[in-house]
Amino acid sequence: MKRRIFLATSAGAVLSVLSRPVAAVAQSSVLTTLVNEYAAGGVVREGRVKFDIARLVDNGNSVPIEVTVDSPMTRQQHVVGIKIFNEKNPQNDVAQFTLSPQSGRARVATRIRLAATQQLVAVAKMNDGSCWTHTVEVLVTIASCVEE
Amino acid sequence: MATRASHNARRSTYGCLSVRTLIALFVSLALSSLAHAADSRKSGFDFMQPSTQATQLDDTQNPAMLWVKDGQLLWNKPDGSAAKSCANCHGEIARMRGVAPRYPAYSSAQKKVVNLSQQISQCRIEQQRATPWPFEHESLLGLEAAIAKESRALPVKPPEHPLLVEAQKRGTTLFNQRIGQVDLSCRDCHDTLAGKKLGGNVIPQGHATGYPIYRLEWQSVGSLQRRLRGCMTAVRAEPYAFGASELVDLEAYLAKRAAGMPLEAPAVRP
Amino acid sequence: MARTLITVPETAKAGEIIEIKALVQHPMETGYRRSSDGDMLPRDLIRTFTCHFVVGPTAASAAEAGELVFAATFHAAVAANPYLSFNFRATASGTLVMVWNGDKGFAQRETVNLRVS
């Protein structure tokens, strides 16, 4: 199965995606390690971050996502960075964003690629060094009409 | 790749335009559903997930608008040994409203039925005295997308011409003909099995109302002929070459089949 | 030169938080795909995006750095033709300077004026 996923993905397969929040599901150890590296010693907690990704999308080549963080975005209290990791793409890094009090809102939206069923995590780093996370689980199925 | 100018789009132009277009689209959809209460035809748009629909409906998010902007610049750019731009003959691109829904159409200059990109190539050769772009060239797709966008929400309306009728008839035969090692016709999937699933995807009814499209699978804009060739390869048939009369015939039939449905170009598809 | 599509309101009230949307044309080739001939397609990515704000009524020159509003680092998992939407608290009139940099010397710079009343 894995091999087929890899082959199809490398050929630019059409993937559809189904996500559900990781409630009882434990965060993958791969992601935990990456989050802790990014936190660089800061306290890591779950919450304050909302990782928006459609429950079902048409194609893994372009999946709209939005990350919002509960923060007043003042000089005293603001988000300095948001980082997104995935568990099973060929690379774990997806994107990293730098924010400032001038951002006004702690929010970013973009479109990403997903190669397989996996977990994704968004980490927000606050100006006090603390980190907050939201992990989601995404189901990716291989679809039909791929172009060779 | 052609030299591309960069540019910005302000919300004041694009935001308003997209809202207006949206309203027009919804009004036209509502009207068409009133007019054809029994019309069970659905655009591929209706089979997409909300996130893909949202990408198509917002011009500030639709990646096809990058191609459209390129086409809008090309419209006004003199080219060829005649140093003429499209605008020199046709005026503002807004005057192209109503043009794209007519294609494919009979060209008296080429003495055959042509699609919009072939008409653009004809203009390049005859009027601009320039080299025509190859099929699927970014500039050709850009210009086609920019022209098609002017007719958003207008109904697909093939003109009446005896030779177009002949092309539509040939296209019907091709549509119903089983091909390839998989031995399937267009009809087998897009009429008989439309709405059912093939792998993770819903099979659409195959109404080509949004071309050229930004296809997530391609990660770029492409033509209806590229899509038709993709289907042919998928059923393990030898696809016709770009520009082949068989592909234009199929396009002509598809336009007849989608007549009255609103144009959505440039659409986003999975 | 790549094509870009940037959406910013022309005017904003002082203190208003505006949304900035930026699309850029780029294949974001991952380096993990093969061509139809079987050759590996070399990695070709946009690596960074920055948005600075230069205060002042006139268009910012290339030399003016301004204040960093927002920055992004992209990897292969960012979709082709990268789209970004982020926010900015408008306090004074000025110029937003957006720069994309990537592999094969890719560099794209766009400026957008913002009038704050």
# chains A, B, ... in the order shown; residues from 1 in each chain; ligands from 1
>>> select_by_dssp(residues="chain C", states="strand (DSSP E)", output="JSON, numbers by chain")
{"C": [4, 5, 6, 7, 11, 12, 17, 18, 19, 20, 21, 22, 23, 24, 46, 47, 48, 49, 50, 51, 52, 53, 54, 55, 67, 68, 69, 70, 71, 72, 73, 74, 83, 84, 85, 86, 87, 88, 89, 94, 95, 96, 97, 98, 99, 100, 101, 102, 107, 108, 109, 110, 111, 112, 113, 114, 115, 116]}
>>> write_last_selection(atoms="C-alpha atoms", output="PDB file, in the first residue's frame")
ATOM      1  CA  THR C   4       1.726  38.148  -9.056  1.00  0.00           C
ATOM      2  CA  LEU C   5      -1.727  39.015  -7.885  1.00  0.00           C
ATOM      3  CA  ILE C   6      -1.778  41.119  -4.719  1.00  0.00           C
ATOM      4  CA  THR C   7      -4.985  42.203  -3.041  1.00  0.00           C
ATOM      5  CA  THR C  11      -7.393  52.925   1.788  1.00  0.00           C
ATOM      6  CA  ALA C  12      -7.681  52.082   5.468  1.00  0.00           C
ATOM      7  CA  ILE C  17      -6.514  45.711  10.587  1.00  0.00           C
ATOM      8  CA  ILE C  18      -6.448  44.943   6.875  1.00  0.00           C
ATOM      9  CA  GLU C  19      -6.077  41.644   5.042  1.00  0.00           C
ATOM     10  CA  ILE C  20      -3.294  41.222   2.510  1.00  0.00           C
ATOM     11  CA  LYS C  21      -3.554  38.429  -0.081  1.00  0.00           C
ATOM     12  CA  ALA C  22      -0.656  37.522  -2.343  1.00  0.00           C
ATOM     13  CA  LEU C  23      -0.550  34.974  -5.160  1.00  0.00           C
ATOM     14  CA  VAL C  24       2.592  34.318  -7.181  1.00  0.00           C
ATOM     15  CA  ILE C  46      10.271  29.668  -3.607  1.00  0.00           C
ATOM     16  CA  ARG C  47      12.087  29.661  -0.281  1.00  0.00           C
ATOM     17  CA  THR C  48      11.124  32.929   1.369  1.00  0.00           C
ATOM     18  CA  PHE C  49       8.537  35.674   1.281  1.00  0.00           C
ATOM     19  CA  THR C  50       8.796  38.965   3.140  1.00  0.00           C
ATOM     20  CA  CYS C  51       6.455  41.920   3.470  1.00  0.00           C
ATOM     21  CA  HIS C  52       7.912  45.194   4.786  1.00  0.00           C
ATOM     22  CA  PHE C  53       6.156  48.505   5.369  1.00  0.00           C
ATOM     23  CA  VAL C  54       7.869  51.782   4.520  1.00  0.00           C
ATOM     24  CA  VAL C  55       6.164  54.802   6.090  1.00  0.00           C
ATOM     25  CA  GLU C  67       9.583  47.507   9.121  1.00  0.00           C
ATOM     26  CA  LEU C  68       8.987  43.771   8.770  1.00  0.00           C
ATOM     27  CA  VAL C  69       5.242  43.094   8.659  1.00  0.00           C
ATOM     28  CA  PHE C  70       5.200  39.393   7.862  1.00  0.00           C
ATOM     29  CA  ALA C  71       7.572  36.722   6.606  1.00  0.00           C
ATOM     30  CA  ALA C  72       7.231  33.138   5.419  1.00  0.00           C
ATOM     31  CA  THR C  73       9.610  30.250   4.779  1.00  0.00           C
ATOM     32  CA  PHE C  74       8.295  27.700   2.278  1.00  0.00           C
ATOM     33  CA  TYR C  83      -1.066  31.786  -1.956  1.00  0.00           C
ATOM     34  CA  LEU C  84      -0.732  33.729   1.269  1.00  0.00           C
ATOM     35  CA  SER C  85      -3.230  35.694   3.285  1.00  0.00           C
ATOM     36  CA  PHE C  86      -2.156  37.599   6.391  1.00  0.00           C
ATOM     37  CA  ASN C  87      -3.050  40.738   8.316  1.00  0.00           C
ATOM     38  CA  PHE C  88      -1.576  44.179   8.968  1.00  0.00           C
ATOM     39  CA  ARG C  89      -2.513  46.944  11.394  1.00  0.00           C
ATOM     40  CA  GLY C  94       3.086  54.144   3.129  1.00  0.00           C
ATOM     41  CA  THR C  95       4.237  51.355   0.865  1.00  0.00           C
ATOM     42  CA  LEU C  96       4.044  47.614   1.338  1.00  0.00           C
ATOM     43  CA  VAL C  97       7.113  45.966  -0.189  1.00  0.00           C
ATOM     44  CA  MET C  98       6.724  42.264  -0.931  1.00  0.00           C
ATOM     45  CA  VAL C  99       9.642  40.084  -1.979  1.00  0.00           C
ATOM     46  CA  TRP C 100       9.714  36.415  -3.020  1.00  0.00           C
ATOM     47  CA  ASN C 101      13.082  34.628  -3.278  1.00  0.00           C
ATOM     48  CA  GLY C 102      13.790  31.085  -4.404  1.00  0.00           C
ATOM     49  CA  ALA C 107      13.448  36.979  -7.157  1.00  0.00           C
ATOM     50  CA  GLN C 108      10.235  38.934  -7.383  1.00  0.00           C
ATOM     51  CA  ARG C 109       9.562  42.327  -5.802  1.00  0.00           C
ATOM     52  CA  GLU C 110       6.227  44.125  -5.740  1.00  0.00           C
ATOM     53  CA  THR C 111       5.159  47.357  -4.081  1.00  0.00           C
ATOM     54  CA  VAL C 112       1.649  48.434  -3.140  1.00  0.00           C
ATOM     55  CA  ASN C 113       0.723  51.864  -1.824  1.00  0.00           C
ATOM     56  CA  LEU C 114      -1.606  52.095   1.140  1.00  0.00           C
ATOM     57  CA  ARG C 115      -3.413  55.322   2.036  1.00  0.00           C
ATOM     58  CA  VAL C 116      -4.363  55.628   5.696  1.00  0.00           C
TER      59      VAL C 116
END
>>> residues_around(residues="Tyr211 in chain B", least_positions_apart="5", cutoff="8 Å", atoms="only C-alpha atoms", output="short mmCIF file (atom, residue, chain, number, x, y, z; two decimals) with C-alpha atoms, in the first residue's frame")
data_model
loop_
_atom_site.label_atom_id
_atom_site.label_comp_id
_atom_site.auth_asym_id
_atom_site.auth_seq_id
_atom_site.Cartn_x
_atom_site.Cartn_y
_atom_site.Cartn_z
CA ALA B 145 -8.77 32.62 -20.20
CA ALA B 148 -13.49 33.63 -21.70
CA GLY B 222 -4.98 23.87 -19.21
CA SER B 223 -7.38 23.53 -22.13
CA LEU B 224 -10.38 21.30 -22.74
CA GLU B 264 -17.65 29.78 -15.39
CA ALA B 265 -14.23 30.42 -16.93
CA PRO B 266 -11.64 30.28 -15.60
CA ALA B 267 -12.95 27.50 -13.37
#
>>> closest_atom_pairs(of="chain B", to="chain A", cutoff="6 Å", atoms="only C-alpha atoms", output="CSV")
residue,atom,partner,partner_atom,distance
B:Gln49,CA,A:Val57,CA,5.7
B:Leu198,CA,A:Ser144,CA,5.8
B:Gly199,CA,A:Ala143,CA,4.6
B:Gly200,CA,A:Ala143,CA,4.4
B:Asn201,CA,A:Ala143,CA,5.8
B:Glu217,CA,A:Val14,CA,5.6
B:Gly230,CA,A:Glu147,CA,5.9
B:Pro270,CA,A:Asp58,CA,5.6
>>> closest_atom_pairs(of="chain A", to="chain C", cutoff="9 Å", atoms="only C-alpha atoms", output="CSV")
residue,atom,partner,partner_atom,distance
A:Thr9,CA,C:Arg33,CA,8.3
A:Ser10,CA,C:Arg33,CA,4.9
A:Ala11,CA,C:Arg33,CA,6.4
A:Gly12,CA,C:Arg33,CA,7.5
A:Asn61,CA,C:Ala79,CA,6.3
A:Ser62,CA,C:Ala79,CA,5.3
A:Val63,CA,C:Ala79,CA,7.7
A:Glu66,CA,C:Ser85,CA,8.8
A:Asn86,CA,C:Ala77,CA,8.8
A:Asn89,CA,C:Ala77,CA,7.5
A:Pro90,CA,C:Tyr32,CA,8.2
A:Gln91,CA,C:Ala76,CA,7.5
A:Asn92,CA,C:Ala77,CA,8.6
A:Asp93,CA,C:His75,CA,6.3
A:Val94,CA,C:Ala77,CA,5.1
A:Ala95,CA,C:Phe74,CA,4.8
A:Gln96,CA,C:Thr73,CA,5.0
A:Phe97,CA,C:Ala72,CA,4.4
A:Thr98,CA,C:Ala71,CA,4.9
A:Leu99,CA,C:Phe70,CA,5.3
A:Ser100,CA,C:Val69,CA,6.6
A:Pro101,CA,C:Arg89,CA,8.2
A:Gln102,CA,C:Arg89,CA,5.2
A:Ser103,CA,C:Phe88,CA,4.2
A:Gly104,CA,C:Arg89,CA,4.9
A:Arg105,CA,C:Asn87,CA,6.0
A:Ala106,CA,C:Asn87,CA,7.7
A:Arg107,CA,C:Phe86,CA,6.1
A:Val108,CA,C:Phe86,CA,4.8
A:Ala109,CA,C:Ser85,CA,5.0
A:Thr110,CA,C:Leu84,CA,4.8
A:Arg111,CA,C:Ala79,CA,5.5
A:Ile112,CA,C:Val78,CA,4.4
A:Arg113,CA,C:Ala77,CA,4.8
A:Leu114,CA,C:Ala77,CA,7.0
A:Ala115,CA,C:Ala77,CA,8.8
A:Glu148,CA,C:Ser36,CA,7.0
>>> select_by_dssp(residues="range 86-196 of chain B", states="helix (DSSP H, G or I)", output="ChimeraX atom specification")
/B:86-90,93-96,100-102,116-128,138-149,162-176,186-192
>>> residues_around(residues="Met126 in chain A", least_positions_apart="4", cutoff="7 Å", atoms="only C-alpha atoms", output="number ranges by chain")
A: 78-80, 130-131
>>> closest_residue(among="C:Pro9, C:Gly105, C:Gly66, C:Gly56", to="chain B", atoms="only C-alpha atoms")
C:Pro9
>>> residues_around(residues="Val30 in chain A", least_positions_apart="3", cutoff="9 Å", atoms="only C-alpha atoms", output="PyMOL selection string")
chain A and resi 27+33-35+86-87+92
>>> closest_residue(among="C:Met28, C:Val8, C:Ala65, C:Ala92", to="chain B", atoms="only C-alpha atoms")
C:Val8
>>> atom_distance(atom1="CA of Ala258 in chain B", atom2="CA of Ser220 in chain B")
24.1 Å
>>> atom_distance(atom1="CA of Ala100 in chain B", atom2="CA of Asp79 in chain B")
22.2 Å
>>> residues_around(residues="Ala255 in chain B", least_positions_apart="3", cutoff="7 Å", atoms="only C-alpha atoms", output="PDB file with N, CA and C atoms, in the first residue's frame")
ATOM      1  N   VAL B 156     -23.821  29.086 -22.460  1.00  0.00           N
ATOM      2  CA  VAL B 156     -23.127  28.467 -23.598  1.00  0.00           C
ATOM      3  C   VAL B 156     -24.099  28.495 -24.780  1.00  0.00           C
ATOM      4  N   PRO B 158     -23.852  27.721 -28.798  1.00  0.00           N
ATOM      5  CA  PRO B 158     -23.246  27.433 -30.105  1.00  0.00           C
ATOM      6  C   PRO B 158     -24.055  28.105 -31.218  1.00  0.00           C
ATOM      7  N   GLU B 251     -15.404  18.766 -28.783  1.00  0.00           N
ATOM      8  CA  GLU B 251     -15.673  20.054 -28.137  1.00  0.00           C
ATOM      9  C   GLU B 251     -16.993  20.643 -28.632  1.00  0.00           C
ATOM     10  N   ALA B 252     -17.229  20.513 -29.948  1.00  0.00           N
ATOM     11  CA  ALA B 252     -18.461  21.054 -30.532  1.00  0.00           C
ATOM     12  C   ALA B 252     -19.683  20.341 -29.954  1.00  0.00           C
ATOM     13  N   ALA B 258     -23.940  21.272 -23.461  1.00  0.00           N
ATOM     14  CA  ALA B 258     -23.968  22.198 -22.321  1.00  0.00           C
ATOM     15  C   ALA B 258     -24.690  23.497 -22.668  1.00  0.00           C
ATOM     16  N   ALA B 259     -25.308  23.563 -23.849  1.00  0.00           N
ATOM     17  CA  ALA B 259     -25.955  24.806 -24.289  1.00  0.00           C
ATOM     18  C   ALA B 259     -26.928  25.302 -23.223  1.00  0.00           C
TER      19      ALA B 259
END
